[in-house]
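Below: one structure, written as structure tokens.
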Amino acid sequence: MASSTSSGTYDIGIDLGTANTLVYARGKGVVLNEPSVVAVNAAGDVVAVGSEAKRTIGRTPSGITAMRPLREGVIADFDAAEQMLRALMKKALPSRRFSRPRVVICVPSGITGVERRAVIDSARGAGAREVHLIEEPMAAAIGAGLPVAEPVGCMVVDIGGGTTEVAVVSMGGLVTAQSVRVAGDAMDAAISTYIKKEHGLAIGERTAEDIKIAIGSAVWTPDDDRPLPTRLAVGTASDPVSDPASDAESDTDRAARPSPHSYTVRGRDHLSGLPRLQEITAEEIRTALAEPVEAIVRAVHNTLDDCPPELSGDIIERGIALTGGGALLRGLDRRLREEMGVPVVVADAPLDCVVNGTAKCVDEFATLHGLLTGAKEGPRKSVRLGM
């Protein structure tokens, strides 16, 4: 850890997610956990960012638009992404408003060189003096405590808001990886489509997310009636983190209401245009989620197919680690275990694995810089850990 007088103290790590953006400040811990949402007015000026902006989704007047700058794990709106990063960096370092920190940002493993450049340019435009990128599955593996530097195979499945990252890691590099643009947002869309088709009810993305949190599952499990964590689903917004030390407890220990077998949905009748209530069962939501869950299972299967035989033996012994908000979809670990025939475990505090891995890269930059892509470098397929 750098001393308080070192310029490195103000280095930050950013888990730039489709649903949520988490910011780690060196020496301070995780200081921000905000939805990746920006509200802009007709003139293009930002009026709200993060939690405040997310509350306006679907409720904005004609002169204000709430948008997500990232779609499927990559920047969809360059200007909005830059303004969001600028606002979040200012929140993260309020006492160093004019400092230019070194920034480490997580990106999906499958993004193109153009998409990488968009992330770098956005961060630099937001005030970063130096930008380094790390692939999300590598950051997730580090954050989950996997031995990424050792000559053994470790498999991680990181299910975020826009992408699912599946990778086998060994000797500080990605041996094989797949990035599929099916994750939490695709699950929400599948729920919305199913309810509109089967019940003629139009619902918004926030309602679809609430349904997923309440009764969503990959398969039926005997513990369907167990209480759920308050931050279960991919894309669930949380308040800004004021006490990083209590964050892990809030993810795993605080119980929410028990999961019911049905959920009362409020929406607009597709034919009459009038508000209506509709009871939706957990079995229906499992049916709605079947396609995105199958896409995730297929990505894991394909990655295992591409894995070298020696590392496959390590995975049989060590199992597959699930990270990201989607790891907490009930029954997903069981589904993967039955399909792949290998142990599957949900990492501790799966929502924080990526930002924790990024934080380690910030704190131990001199040791772990070999895992990063610099601002002037091209895309990297695989690197070894420089010890």
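Chain labels A, B, ... are given in the sequence in which chains occur in the structure tokens; within each chain residues are numbered consecutively from 1, and ligands are likewise numbered from 1 in the order shown.
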Considering only C-alpha atoms, return as a VMD selection string whatever protein or nucleic-acid residues lie within 10 Å of A:Ser312, sequence-local ones (same chain, fewer than 5 positions apart) excluded. chain A and resid 152 to 155 168 304 to 307 317 to 319
Quick one: of A:Pro275, A:Gly50, A:Gly325, A:Gly331, who's nearest to A:Gly161, counting only C-alpha atoms?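 Of A:Pro275, A:Gly50, A:Gly325, A:Gly331, the one nearest A:Gly161, counting only C-alpha atoms, is A:Gly325.
Residues with any atom within 6 Å of stretch 63-80 of chain A, counting only C-alpha atoms and excluding same-chain neighbours fewer than 4 positions away, are Thr18, Val37, Val38, Ala39, Val40, Asn41, Ala42, Ile57, Gly162, Thr163 and Arg181 of chain A.
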Could you tell me which of A:Ala321, A:Ala349, A:Ala190, A:Val180 comes closest to A:Thr287 if we count only C-alpha atoms?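 With only C-alpha atoms as the atom set, the closest residue is A:Ala190.
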Run DSSP on the backbone and tell me which residues of stretch 108-320 of chain A come out as alpha helix (DSSP H); list them as JSON, numbers by chain. {"A": [113, 114, 115, 116, 117, 118, 119, 120, 121, 122, 123, 124, 125, 136, 137, 138, 139, 140, 141, 142, 143, 184, 185, 186, 187, 188, 189, 190, 191, 192, 193, 194, 195, 196, 197, 198, 199, 205, 206, 207, 208, 209, 210, 211, 212, 213, 214, 215, 247, 248, 249, 250, 251, 252, 282, 283, 284, 285, 286, 287, 288, 290, 291, 292, 293, 294, 295, 296, 297, 298, 299, 300, 301, 302, 303, 304, 305, 306, 309, 310, 311, 312, 313, 314, 315, 316, 317, 318]}
Between A:Val346, A:Leu88, A:Ile111, A:Leu371, smallest distance to A:Pro35 by only C-alpha atoms belongs to A:Leu88
Give me the residues near stretch 117-129 of chain A as a ChimeraX atom specification, where near means some atom within 8 Å (using only C-alpha atoms) and where sequence neighbours in that chain fewer than 6 positions away do not count. /A:75,78-79,81-83,85-86,89,99-103,375
Quick one: everything within 9 Å of A:Gly143, counting only C-alpha atoms, minus sequence neighbours fewer than 4 positions away in the same chain. Send it as a list of chain:residue names. A:Met138, A:Ala139, A:Pro350, A:Asp352, A:Cys353, A:Val354, A:Val355, A:Asn356, A:Gly357, A:Thr358, A:Ala359, A:Lys360
A:Leu328, A:Ile142, A:Ile159, A:Met187 ranked by distance to A:Ile285, top pick (using only C-alpha atoms):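 Of A:Leu328, A:Ile142, A:Ile159, A:Met187, the one nearest A:Ile285, counting only C-alpha atoms, is A:Met187.
Proximity ranking of A:Pro343, A:Val293, A:Arg26, A:Thr373 relative to A:Gly113 places A:Thr373 first, based on only C-alpha atoms.
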